[in-house]
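S.K.: My questions will all concern the structure given below.
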Amino acid sequence: MEKYVYLFHEGNGNMRDLLGGKGANLAEMTRIGLPVPYGFTITTEACNAYYESNKSIPALVEMQVLEALTHLEEKMGKKLGDPENPLLVSVRSGSVFSMPGMMDTILNLGMNDETVVGMAKLTNNPRFAYDSYRRFIQMFSDVVLEIDSYYFEQLLEETREQKGYTSDPELTAEDWQEVIKGYKEIVRKHTRKDFPQDPKNQLFLAINAVFNSWNNQRAIVYRRLNKIPDHLGTAVNVQSMVFGNMGNDSGTGVAFTRNPSTGEPELYGEYLINAQGEDVVAGIRTPQAISTLKSEMPEVYQQFSETAKRLEQHYKEMQDIEFTVERGKLFILQTRSGKRTAQAAIRIAVDMVKEGIIDRKQALLRVDPDQLNQLLHRRIDEKAERKILAKGLPASPGAATGQVVFDADEAEQLGNDGKKVILVRPETTPDDIHGIVASQAIVTSRGGMTSHAAVVARGMGKACICGCEALKIDVKAKQLIVGETVVNYGDMITIDGSTGEIMLGEIPMIDPELSPEFQLLLSWADQERKIGVRANADNPEDARKAFEFGAGGVGLCRTEHMFMEQGRLPIVQKMIIAENDEERMEAIEQLLPMQQGDFEGIFEAMQGYPVTIRLLDPPLHEFLPDKEELLVEVTKLQILDPQSDELKQKEKLLRKVRQLDEFNPMLGLRGCRLGMVHPEIYEMQVKAIFYAAAKLAEKGMEVNPEIMIPLVGHINELKSMRELVIETAQRVEEETGRNFKYTIGTMIEIPRAALTADQIAEEADFFSFGTNDLTQTTFGYSRDDAEGKFLQSYIETKVLPQNPFAVLDQDGVGKLVETGVKLGRKTNPTLKTGICGEHGGEKSSIDFCYRTGLDYVSCSPYRVPLARLAAAQATIRQEQKKCEAYTPV
Ligand code: PEP
Ligand code: MG
């Protein structure tokens, strides 16, 4: 015979499919001997049987419910509907997955005109009894009889007014009796029947209502959104009531087994004396801290803290517990794993290892790498009040306060004067880099999570909000307007890059906490992980930060960023627009010592760890002024000052800009193609690298340069660039009388390179997968255009599961990475492989890189801790899978 009903002691925590999450949990707590109000669960299969029988409760289910009820009555020594000693129950839905779209709870079921009298006598508290009865009528009418609560609320309000009361506690037992009469009238009017007086009838009506709620509109929508299958059905929990509002020896509360904000091992929560659950939520009275329960009810407190400890030991996880005290007796109503901040998550995981509750591997899996971001940036004090002006995409975490500026040059000026500024632009381009460097944070009204501003800001660990469309930015008028509010140049704003919120004025901040527990957890991660973690760092400061956060090297140094630094751009421009070799070489000679200085700083910061330096990658026009702006300036000068030198200069610049103009710069003259056309630039860069290496060698320091050629698509490109590097290195070796240890490798960011990786690996010591470009070239999307125009809608309409520039597309781009690794190792078994696109700092992509056998991931310095943890998790998960797959013979 099919079993449709389980008493709490018959189930356990593993029976979620049959008993639903709540039912399984109640059974589990009962099984381990906790004081749970007794009851039974009607299974999800009964729900399906209900639908199969045309929405009627099958006889077998009904019989089993009645049997379980008898059992419950015997156990409680009370009977449903008994006027002398009535049993009251709660009825709750409970599906396998928690579903907020489903039926609300019904409390106090079993109350009627007779039992209410019994309850009044038993509790010696008629006011409590009649109040409970009217609550029941209202709840039952709303949830089961589908009569809008509004009618009941209105009647209650009228009564209060008539009597001159301002709040419910002022109503006496007699007042409640009057209200109950009115409530019953409402029910009669709406259903043409009397309020059901037979408690068994009440119970079956309630069970029907729970089953029906599985298919109400809210639940259907919720299931669709959360991909919960329709066939699962819901269970129904029937549980005896306990009352926290039976006097001053009763109460109700909620507590965490550890502090969810800091992780400290202490009971953390609050309770209300003489109250029911909804009173705590309603916030009518201020609850007391759980610590005062110790003096108010010492025995209950003692029992509760022991129970809390037990629950934690049992679930091996911090718990969030609901409890009720009925006349000095403690009952546990619910327990679940508690939500917590990043700081608390780390502290709890580490403490639990020390306490022997979990092992290190479990601890490492307990912290979500994404949460770590909260800890590595200054952030707004949670206690401070926020008045939000507008909200955009939370593109780079952290918080900042500063004066609004609308232009990169102004940002630089004010920043150099020691002012704190926030750069607000419709969007940013590589031309704005000096302004970004000088700003505390960046805000743009356009662009997505991987727009230029977002990527650069994350790289620099600066807060950034992108795509904040509510901002109307008038760069000319130096104003930004949001609705009625106008923010002028120089006004103070605060932004929170973790939430995307922009606020007026200055809001108090707190410093990042790199607690000893955090460091300890990361050291455990390092012991577990089998994939290296490096950082993308373009200057000595970033390299130092990366080293401090535990990076094992630099995986990508984008040398073009060195060209953008203050004072260098004019020299770079001179190099580009030079009309003869002499002019060009002059500019190049000027750039060389600057690059060399940067390399020295980075090598020094990395203390002998490998540093991958990528030779120049972006198209040269990125270093020149905007064509249209230049055209306007030239035209103006032609009219106002046609003989001026300035005009001649600008015309020359314009000619060059036009000459370099491309239909599709992403696919144009960039990467190694630049090195092929202008070998003198790469040569200068290579010289700078080896001069820097020689300088450090002089100081007795170790250096480990890895020279990387970008955007290779054909073996011959790499062959040619490799020769150039080797020849240049040899010249510096001869010049300095030193021998350098170095390697030469390539980025794999063009599908053809991945597909011909066996050929390419013959000329490469390492591959670094540039998954930013590889994603662009594999999908055929230009990132900025895609993010600005259609990617968002693709994600919303589920054409794409997520943004492939943020989360590696394992099916497509990932297949090219796998192919590249496999083919490359075929011809070069010692080939080193890594990833340096944005994905190197994203947890699911890191997991993929580990499974694909890459040697390291490289990400922005501020993501290094996240990557160390994610890399450890990838290893542990893989081990667990292997254990599961292993079946002993
Ligand atoms: C890449 O393409 O993944 C990469 C790291 O290079 P960039 O983002 O500088 O093009
Ligand atoms: Mg690239």
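Lettering and numbering for the structure tokens are positional, with chains as A, B, ... in the shown order, residues counted from 1 in each chain, and ligands counted from 1 in the shown order.
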When you look at Lys22 of chain A with a cut-off of 9 Å (counting only C-alpha atoms), what residues show up, excluding the ones that are within fewer than 3 positions of it in the same chain? I need them as a short mmCIF file (atom, residue, chain, number, x, y, z; two decimals) with C-alpha atoms, in the first residue's frame.
M.R.:
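Okay, around16.cif is ready:
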data_model
loop_
_atom_site.label_atom_id
_atom_site.label_comp_id
_atom_site.auth_asym_id
_atom_site.auth_seq_id
_atom_site.Cartn_x
_atom_site.Cartn_y
_atom_site.Cartn_z
CA ARG A 16 13.21 16.03 0.56
CA LEU A 19 8.43 15.29 2.27
CA ASN A 25 13.92 19.17 8.05
CA LEU A 26 11.22 18.80 10.71
CA ALA A 27 11.58 15.02 10.51
CA SER A 93 2.91 23.94 2.29
CA GLY A 94 6.42 22.65 1.68
CA SER A 95 7.82 21.77 -1.71
CA VAL A 96 11.19 20.27 -2.51
CA SER A 98 11.55 26.69 -1.23
CA ALA A 235 3.90 18.36 0.55
CA ASN A 237 2.90 19.83 6.98
CA GLN A 334 12.61 25.70 12.05
#
S.K.: Given a cut-off of 10 Å, what residues near ligand 2 show up using only C-alpha atoms and all ligand atoms, put as a PDB file with N, CA, C and O atoms, in the first residue's frame?
M.R.:
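And here's part25.pdb as it stands now:
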ATOM      1  N   ARG A 558      50.398  44.625 -20.025  1.00  0.00           N
ATOM      2  CA  ARG A 558      49.998  45.254 -21.294  1.00  0.00           C
ATOM      3  C   ARG A 558      50.857  46.506 -21.471  1.00  0.00           C
ATOM      4  O   ARG A 558      50.600  47.529 -20.849  1.00  0.00           O
ATOM      5  N   ARG A 614      53.759  41.561 -22.704  1.00  0.00           N
ATOM      6  CA  ARG A 614      53.216  41.499 -24.064  1.00  0.00           C
ATOM      7  C   ARG A 614      53.660  42.727 -24.843  1.00  0.00           C
ATOM      8  O   ARG A 614      53.497  43.852 -24.379  1.00  0.00           O
ATOM      9  N   ASP A 617      50.091  46.032 -28.562  1.00  0.00           N
ATOM     10  CA  ASP A 617      48.946  45.336 -29.157  1.00  0.00           C
ATOM     11  C   ASP A 617      47.928  46.241 -29.869  1.00  0.00           C
ATOM     12  O   ASP A 617      47.478  45.908 -30.953  1.00  0.00           O
ATOM     13  N   PRO A 618      47.524  47.397 -29.295  1.00  0.00           N
ATOM     14  CA  PRO A 618      46.395  48.102 -29.915  1.00  0.00           C
ATOM     15  C   PRO A 618      46.792  48.844 -31.190  1.00  0.00           C
ATOM     16  O   PRO A 618      47.965  49.167 -31.379  1.00  0.00           O
ATOM     17  N   MET A 666      39.424  46.461 -34.819  1.00  0.00           N
ATOM     18  CA  MET A 666      39.618  45.245 -34.042  1.00  0.00           C
ATOM     19  C   MET A 666      40.309  44.159 -34.888  1.00  0.00           C
ATOM     20  O   MET A 666      41.064  43.341 -34.393  1.00  0.00           O
ATOM     21  N   ARG A 670      46.961  45.661 -35.891  1.00  0.00           N
ATOM     22  CA  ARG A 670      47.222  45.622 -34.449  1.00  0.00           C
ATOM     23  C   ARG A 670      47.941  44.314 -34.120  1.00  0.00           C
ATOM     24  O   ARG A 670      48.127  43.475 -34.992  1.00  0.00           O
ATOM     25  N   GLY A 671      48.288  44.165 -32.845  1.00  0.00           N
ATOM     26  CA  GLY A 671      48.956  42.942 -32.410  1.00  0.00           C
ATOM     27  C   GLY A 671      50.283  42.762 -33.145  1.00  0.00           C
ATOM     28  O   GLY A 671      50.953  43.732 -33.511  1.00  0.00           O
ATOM     29  N   PRO A 710      51.453  39.245 -29.307  1.00  0.00           N
ATOM     30  CA  PRO A 710      49.983  39.225 -29.349  1.00  0.00           C
ATOM     31  C   PRO A 710      49.411  38.919 -30.733  1.00  0.00           C
ATOM     32  O   PRO A 710      50.065  39.164 -31.750  1.00  0.00           O
ATOM     33  N   LEU A 711      48.205  38.387 -30.721  1.00  0.00           N
ATOM     34  CA  LEU A 711      47.349  38.267 -31.908  1.00  0.00           C
ATOM     35  C   LEU A 711      47.941  37.465 -33.071  1.00  0.00           C
ATOM     36  O   LEU A 711      47.661  37.742 -34.223  1.00  0.00           O
ATOM     37  N   MET A 747      50.207  34.882 -27.498  1.00  0.00           N
ATOM     38  CA  MET A 747      48.816  34.827 -27.070  1.00  0.00           C
ATOM     39  C   MET A 747      48.068  33.997 -28.093  1.00  0.00           C
ATOM     40  O   MET A 747      48.376  34.023 -29.277  1.00  0.00           O
ATOM     41  N   ILE A 748      47.068  33.265 -27.600  1.00  0.00           N
ATOM     42  CA  ILE A 748      46.174  32.559 -28.519  1.00  0.00           C
ATOM     43  C   ILE A 748      44.838  33.268 -28.393  1.00  0.00           C
ATOM     44  O   ILE A 748      44.127  33.128 -27.395  1.00  0.00           O
ATOM     45  N   GLU A 749      44.542  34.099 -29.394  1.00  0.00           N
ATOM     46  CA  GLU A 749      43.312  34.885 -29.305  1.00  0.00           C
ATOM     47  C   GLU A 749      42.604  35.005 -30.655  1.00  0.00           C
ATOM     48  O   GLU A 749      41.693  35.803 -30.832  1.00  0.00           O
ATOM     49  N   ILE A 750      43.091  34.190 -31.612  1.00  0.00           N
ATOM     50  CA  ILE A 750      42.479  34.136 -32.937  1.00  0.00           C
ATOM     51  C   ILE A 750      42.162  32.656 -33.149  1.00  0.00           C
ATOM     52  O   ILE A 750      43.031  31.807 -32.909  1.00  0.00           O
ATOM     53  N   PHE A 769      46.114  32.174 -23.317  1.00  0.00           N
ATOM     54  CA  PHE A 769      44.842  32.343 -24.031  1.00  0.00           C
ATOM     55  C   PHE A 769      44.241  33.694 -23.700  1.00  0.00           C
ATOM     56  O   PHE A 769      43.882  33.962 -22.542  1.00  0.00           O
ATOM     57  N   GLY A 770      44.164  34.541 -24.732  1.00  0.00           N
ATOM     58  CA  GLY A 770      43.572  35.874 -24.563  1.00  0.00           C
ATOM     59  C   GLY A 770      42.090  35.753 -24.860  1.00  0.00           C
ATOM     60  O   GLY A 770      41.635  35.983 -25.971  1.00  0.00           O
ATOM     61  N   THR A 771      41.358  35.363 -23.838  1.00  0.00           N
ATOM     62  CA  THR A 771      39.956  35.008 -24.091  1.00  0.00           C
ATOM     63  C   THR A 771      39.055  36.225 -24.311  1.00  0.00           C
ATOM     64  O   THR A 771      37.904  36.057 -24.696  1.00  0.00           O
ATOM     65  N   ASN A 772      39.586  37.425 -24.092  1.00  0.00           N
ATOM     66  CA  ASN A 772      38.781  38.604 -24.470  1.00  0.00           C
ATOM     67  C   ASN A 772      38.673  38.651 -25.985  1.00  0.00           C
ATOM     68  O   ASN A 772      37.574  38.667 -26.557  1.00  0.00           O
ATOM     69  N   ASP A 773      39.831  38.643 -26.641  1.00  0.00           N
ATOM     70  CA  ASP A 773      39.801  38.673 -28.099  1.00  0.00           C
ATOM     71  C   ASP A 773      39.299  37.352 -28.672  1.00  0.00           C
ATOM     72  O   ASP A 773      38.588  37.342 -29.668  1.00  0.00           O
ATOM     73  N   LEU A 774      39.654  36.249 -28.025  1.00  0.00           N
ATOM     74  CA  LEU A 774      39.202  34.956 -28.555  1.00  0.00           C
ATOM     75  C   LEU A 774      37.668  34.880 -28.533  1.00  0.00           C
ATOM     76  O   LEU A 774      37.057  34.280 -29.417  1.00  0.00           O
ATOM     77  N   THR A 775      37.047  35.508 -27.528  1.00  0.00           N
ATOM     78  CA  THR A 775      35.583  35.542 -27.494  1.00  0.00           C
ATOM     79  C   THR A 775      35.063  36.429 -28.625  1.00  0.00           C
ATOM     80  O   THR A 775      34.114  36.065 -29.331  1.00  0.00           O
ATOM     81  N   GLN A 776      35.713  37.573 -28.811  1.00  0.00           N
ATOM     82  CA  GLN A 776      35.282  38.466 -29.907  1.00  0.00           C
ATOM     83  C   GLN A 776      35.392  37.756 -31.246  1.00  0.00           C
ATOM     84  O   GLN A 776      34.470  37.773 -32.050  1.00  0.00           O
ATOM     85  N   CYS A 836      44.777  34.796 -19.804  1.00  0.00           N
ATOM     86  CA  CYS A 836      44.948  36.147 -19.272  1.00  0.00           C
ATOM     87  C   CYS A 836      43.788  37.069 -19.628  1.00  0.00           C
ATOM     88  O   CYS A 836      43.831  38.262 -19.364  1.00  0.00           O
ATOM     89  N   GLY A 837      42.730  36.527 -20.252  1.00  0.00           N
ATOM     90  CA  GLY A 837      41.538  37.345 -20.501  1.00  0.00           C
ATOM     91  C   GLY A 837      40.814  37.578 -19.174  1.00  0.00           C
ATOM     92  O   GLY A 837      41.173  36.988 -18.149  1.00  0.00           O
TER      93      GLY A 837
END
S.K.: Which residue is closest to Ser305 of chain A? Choose from A:Gln202, A:Gln177, A:Thr257, A:Thr335 and count only C-alpha atoms.
M.R.: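 Nearest to Ser305 of chain A: A:Thr257.
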S.K.: Find, counting only C-alpha atoms and all ligand atoms, the residue in A:Gly118, A:Gly675, A:Gly447, A:Pro430 that gets nearest to ligand 1.
M.R.: A:Pro430
S.K.: Can you tell me how far atom CA of Ile577 of chain A sits from atom CA of Ser451 of chain A, in Å to one decimal?
M.R.: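 Between atom CA of Ile577 of chain A and atom CA of Ser451 of chain A the gap works out to 28.7 Å.
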S.K.: Excluding Pro397 of chain A and residues on its chain fewer than 4 positions from it, collect all residues at most 7 Å away from it, counting only C-alpha atoms, and give them as a list in words.
M.R.: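 Counting only the stated atoms, we get Asn373, His377, Ala463, Cys464, Gly497 and Ser498 of chain A.
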S.K.: Write a file of the just-selected residues containing N, CA and C atoms, as a PDB file, in the first residue's frame.
M.R.:
ATOM      1  N   ASN A 373      35.091  39.841  -2.932  1.00  0.00           N
ATOM      2  CA  ASN A 373      35.185  41.211  -3.410  1.00  0.00           C
ATOM      3  C   ASN A 373      34.826  42.227  -2.353  1.00  0.00           C
ATOM      4  N   HIS A 377      37.968  46.003  -0.847  1.00  0.00           N
ATOM      5  CA  HIS A 377      37.819  47.404  -1.227  1.00  0.00           C
ATOM      6  C   HIS A 377      37.232  48.184  -0.069  1.00  0.00           C
ATOM      7  N   ALA A 463      36.548  51.662  -7.935  1.00  0.00           N
ATOM      8  CA  ALA A 463      35.102  51.454  -8.038  1.00  0.00           C
ATOM      9  C   ALA A 463      34.602  51.997  -9.368  1.00  0.00           C
ATOM     10  N   CYS A 464      33.589  51.335  -9.917  1.00  0.00           N
ATOM     11  CA  CYS A 464      33.065  51.801 -11.205  1.00  0.00           C
ATOM     12  C   CYS A 464      31.596  51.407 -11.346  1.00  0.00           C
ATOM     13  N   GLY A 497      30.299  50.831  -5.878  1.00  0.00           N
ATOM     14  CA  GLY A 497      30.493  49.983  -7.054  1.00  0.00           C
ATOM     15  C   GLY A 497      30.005  48.552  -6.859  1.00  0.00           C
ATOM     16  N   SER A 498      29.708  48.180  -5.616  1.00  0.00           N
ATOM     17  CA  SER A 498      29.215  46.820  -5.376  1.00  0.00           C
ATOM     18  C   SER A 498      27.715  46.732  -5.593  1.00  0.00           C
TER      19      SER A 498
END
S.K.: Could you name the residues that touch Val554 of chain A at 10 Å or less, counting only C-alpha atoms, but leaving out those on the same chain fewer than 5 positions away, as a PDB file with N, CA, C and O atoms, in the first residue's frame?
M.R.:
ATOM      1  N   VAL A 533      48.213  30.951  -9.961  1.00  0.00           N
ATOM      2  CA  VAL A 533      47.438  32.193 -10.067  1.00  0.00           C
ATOM      3  C   VAL A 533      48.411  33.347 -10.245  1.00  0.00           C
ATOM      4  O   VAL A 533      49.289  33.562  -9.417  1.00  0.00           O
ATOM      5  N   ARG A 534      48.254  34.033 -11.356  1.00  0.00           N
ATOM      6  CA  ARG A 534      49.092  35.207 -11.618  1.00  0.00           C
ATOM      7  C   ARG A 534      48.194  36.436 -11.736  1.00  0.00           C
ATOM      8  O   ARG A 534      46.987  36.320 -11.689  1.00  0.00           O
ATOM      9  N   ALA A 535      48.853  37.582 -11.937  1.00  0.00           N
ATOM     10  CA  ALA A 535      48.054  38.808 -12.046  1.00  0.00           C
ATOM     11  C   ALA A 535      48.349  39.532 -13.349  1.00  0.00           C
ATOM     12  O   ALA A 535      49.449  39.446 -13.886  1.00  0.00           O
ATOM     13  N   ASN A 536      47.342  40.257 -13.832  1.00  0.00           N
ATOM     14  CA  ASN A 536      47.552  41.169 -14.943  1.00  0.00           C
ATOM     15  C   ASN A 536      47.970  42.500 -14.326  1.00  0.00           C
ATOM     16  O   ASN A 536      47.190  43.115 -13.598  1.00  0.00           O
ATOM     17  N   ALA A 537      49.202  42.913 -14.560  1.00  0.00           N
ATOM     18  CA  ALA A 537      49.696  44.147 -13.935  1.00  0.00           C
ATOM     19  C   ALA A 537      50.544  44.905 -14.942  1.00  0.00           C
ATOM     20  O   ALA A 537      51.432  44.324 -15.565  1.00  0.00           O
ATOM     21  N   ASP A 538      50.246  46.187 -15.085  1.00  0.00           N
ATOM     22  CA  ASP A 538      50.919  46.979 -16.113  1.00  0.00           C
ATOM     23  C   ASP A 538      51.924  47.959 -15.540  1.00  0.00           C
ATOM     24  O   ASP A 538      52.565  48.692 -16.277  1.00  0.00           O
ATOM     25  N   ASP A 542      50.741  48.094  -9.382  1.00  0.00           N
ATOM     26  CA  ASP A 542      49.841  46.944  -9.515  1.00  0.00           C
ATOM     27  C   ASP A 542      50.567  45.646  -9.203  1.00  0.00           C
ATOM     28  O   ASP A 542      50.012  44.724  -8.607  1.00  0.00           O
ATOM     29  N   ALA A 543      51.828  45.581  -9.646  1.00  0.00           N
ATOM     30  CA  ALA A 543      52.607  44.355  -9.423  1.00  0.00           C
ATOM     31  C   ALA A 543      52.820  44.137  -7.927  1.00  0.00           C
ATOM     32  O   ALA A 543      52.712  43.012  -7.432  1.00  0.00           O
ATOM     33  N   ALA A 546      49.639  42.914  -6.459  1.00  0.00           N
ATOM     34  CA  ALA A 546      49.425  41.521  -6.856  1.00  0.00           C
ATOM     35  C   ALA A 546      50.266  40.593  -5.987  1.00  0.00           C
ATOM     36  O   ALA A 546      49.791  39.552  -5.517  1.00  0.00           O
ATOM     37  N   PHE A 547      51.505  40.983  -5.749  1.00  0.00           N
ATOM     38  CA  PHE A 547      52.407  40.165  -4.937  1.00  0.00           C
ATOM     39  C   PHE A 547      51.849  40.056  -3.515  1.00  0.00           C
ATOM     40  O   PHE A 547      51.788  38.970  -2.933  1.00  0.00           O
ATOM     41  N   ILE A 602      58.525  46.516 -12.108  1.00  0.00           N
ATOM     42  CA  ILE A 602      57.681  45.306 -12.086  1.00  0.00           C
ATOM     43  C   ILE A 602      58.511  44.075 -11.715  1.00  0.00           C
ATOM     44  O   ILE A 602      58.114  43.275 -10.873  1.00  0.00           O
ATOM     45  N   PHE A 603      59.690  43.950 -12.321  1.00  0.00           N
ATOM     46  CA  PHE A 603      60.563  42.802 -11.986  1.00  0.00           C
ATOM     47  C   PHE A 603      60.886  42.800 -10.500  1.00  0.00           C
ATOM     48  O   PHE A 603      60.860  41.764  -9.841  1.00  0.00           O
ATOM     49  N   MET A 606      58.102  41.669  -8.339  1.00  0.00           N
ATOM     50  CA  MET A 606      57.762  40.249  -8.472  1.00  0.00           C
ATOM     51  C   MET A 606      58.831  39.306  -7.924  1.00  0.00           C
ATOM     52  O   MET A 606      58.641  38.087  -7.901  1.00  0.00           O
ATOM     53  N   TYR A 609      59.678  35.998  -9.595  1.00  0.00           N
ATOM     54  CA  TYR A 609      58.572  35.248 -10.213  1.00  0.00           C
ATOM     55  C   TYR A 609      58.515  35.602 -11.700  1.00  0.00           C
ATOM     56  O   TYR A 609      58.943  36.687 -12.097  1.00  0.00           O
ATOM     57  N   PRO A 610      57.923  34.736 -12.526  1.00  0.00           N
ATOM     58  CA  PRO A 610      57.845  35.043 -13.952  1.00  0.00           C
ATOM     59  C   PRO A 610      56.983  36.274 -14.248  1.00  0.00           C
ATOM     60  O   PRO A 610      55.981  36.506 -13.570  1.00  0.00           O
ATOM     61  N   VAL A 611      57.424  37.044 -15.223  1.00  0.00           N
ATOM     62  CA  VAL A 611      56.660  38.223 -15.652  1.00  0.00           C
ATOM     63  C   VAL A 611      56.462  38.132 -17.162  1.00  0.00           C
ATOM     64  O   VAL A 611      57.428  38.162 -17.923  1.00  0.00           O
ATOM     65  N   THR A 612      55.205  37.981 -17.577  1.00  0.00           N
ATOM     66  CA  THR A 612      54.908  37.885 -19.006  1.00  0.00           C
ATOM     67  C   THR A 612      54.655  39.283 -19.550  1.00  0.00           C
ATOM     68  O   THR A 612      53.707  39.943 -19.121  1.00  0.00           O
ATOM     69  N   ILE A 613      55.499  39.694 -20.465  1.00  0.00           N
ATOM     70  CA  ILE A 613      55.367  41.045 -21.027  1.00  0.00           C
ATOM     71  C   ILE A 613      54.875  40.933 -22.452  1.00  0.00           C
ATOM     72  O   ILE A 613      55.515  40.276 -23.298  1.00  0.00           O
ATOM     73  N   PRO A 705      61.836  37.013 -17.271  1.00  0.00           N
ATOM     74  CA  PRO A 705      60.915  37.584 -18.263  1.00  0.00           C
ATOM     75  C   PRO A 705      60.395  36.543 -19.258  1.00  0.00           C
ATOM     76  O   PRO A 705      61.139  35.642 -19.660  1.00  0.00           O
ATOM     77  N   GLU A 706      59.124  36.709 -19.597  1.00  0.00           N
ATOM     78  CA  GLU A 706      58.524  35.870 -20.650  1.00  0.00           C
ATOM     79  C   GLU A 706      57.966  36.852 -21.681  1.00  0.00           C
ATOM     80  O   GLU A 706      57.074  37.642 -21.349  1.00  0.00           O
ATOM     81  N   CYS A 836      44.777  34.796 -19.804  1.00  0.00           N
ATOM     82  CA  CYS A 836      44.948  36.147 -19.272  1.00  0.00           C
ATOM     83  C   CYS A 836      43.788  37.069 -19.628  1.00  0.00           C
ATOM     84  O   CYS A 836      43.831  38.262 -19.364  1.00  0.00           O
ATOM     85  N   SER A 858      45.420  34.110 -14.980  1.00  0.00           N
ATOM     86  CA  SER A 858      45.933  35.438 -14.623  1.00  0.00           C
ATOM     87  C   SER A 858      44.770  36.411 -14.627  1.00  0.00           C
ATOM     88  O   SER A 858      43.936  36.411 -15.535  1.00  0.00           O
ATOM     89  N   CYS A 859      44.703  37.235 -13.576  1.00  0.00           N
ATOM     90  CA  CYS A 859      43.568  38.148 -13.452  1.00  0.00           C
ATOM     91  C   CYS A 859      44.037  39.440 -12.786  1.00  0.00           C
ATOM     92  O   CYS A 859      45.184  39.551 -12.382  1.00  0.00           O
ATOM     93  N   SER A 860      43.136  40.398 -12.636  1.00  0.00           N
ATOM     94  CA  SER A 860      43.550  41.676 -12.055  1.00  0.00           C
ATOM     95  C   SER A 860      43.988  41.452 -10.605  1.00  0.00           C
ATOM     96  O   SER A 860      43.509  40.525  -9.944  1.00  0.00           O
ATOM     97  N   PRO A 861      44.898  42.281 -10.086  1.00  0.00           N
ATOM     98  CA  PRO A 861      45.439  42.051  -8.742  1.00  0.00           C
ATOM     99  C   PRO A 861      44.350  41.863  -7.692  1.00  0.00           C
ATOM    100  O   PRO A 861      44.471  41.013  -6.814  1.00  0.00           O
TER     101      PRO A 861
END
S.K.: Quote the spacing between atom CA of Met103 of chain A and atom CA of Asn14 of chain A in Å to one decimal place.
M.R.: 23.6 Å
S.K.: Of the residues A:Thr115, A:Thr292, A:Thr746, A:Thr44, which is the one nearest to ligand 1, using only C-alpha atoms and all ligand atoms?
M.R.: A:Thr746
S.K.: In Å, rounded to a single decimal, give me how far atom CA of Ala688 of chain A is from atom CA of Arg738 of chain A.
M.R.: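 A separation of 14.7 Å between them.
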S.K.: Using only C-alpha atoms, can you tell me which of A:Met119, A:Val821, A:Met29, A:Leu631 comes closest to Phe767 of chain A?
M.R.: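 Nearest to Phe767 of chain A: A:Val821.
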S.K.: Would you list, as a PyMOL selection string, the residues of segment 50-140 of chain A that end up in strand (DSSP E) under DSSP run on this structure's backbone?
M.R.: chain A and resi 79-80+86-87+89-95+106-109
S.K.: So that I can see what lies close to segment 308-325 of chain A, please list as an MDAnalysis selection string the residues with an atom at most 8 Å from it, counting only C-alpha atoms and leaving out residues fewer than 3 positions away in the same chain.
M.R.: chainID A and resid 242:244 249:258 300 304:305 328:339 348 357:358
S.K.: Name the residues in contact with Thr70 of chain A at a cut-off of 10 Å, using only C-alpha atoms, excluding same-chain residues fewer than 6 positions from it; report them as a ChimeraX atom specification.
M.R.: /A:64,76,78-80
S.K.: From the set A:Met503, A:Ala697, A:Leu724, A:Ala438, which residue has the shortest atom-to-atom contact distance to Glu683 of chain A, counting only C-alpha atoms?
M.R.: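 Residue with the minimum atom-to-atom distance to Glu683 of chain A: A:Leu724.
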S.K.: With a distance cut-off of 9 Å and only C-alpha atoms, select the neighbouring residues of Lys391 of chain A, excluding the residue or stretch itself and same-chain residues fewer than 4 positions from it, and output the selection as a PDB file with C-alpha atoms, in the first residue's frame.
M.R.:
ATOM      1  CA  ILE A 465      29.419  52.067 -12.218  1.00  0.00           C
ATOM      2  CA  CYS A 468      23.626  54.224 -15.610  1.00  0.00           C
ATOM      3  CA  GLU A 469      21.098  55.363 -18.141  1.00  0.00           C
ATOM      4  CA  ALA A 470      19.190  57.573 -15.709  1.00  0.00           C
ATOM      5  CA  THR A 499      25.564  47.854  -5.709  1.00  0.00           C
ATOM      6  CA  GLY A 500      25.684  50.363  -8.555  1.00  0.00           C
ATOM      7  CA  GLU A 501      24.252  53.113  -6.362  1.00  0.00           C
ATOM      8  CA  ILE A 502      25.116  56.774  -6.794  1.00  0.00           C
TER       9      ILE A 502
END
S.K.: Hey, which of A:Leu414, A:Ile576, A:Val89, A:Ala46 ends up closest to His434 of chain A? Count only C-alpha atoms.
M.R.: A:Leu414
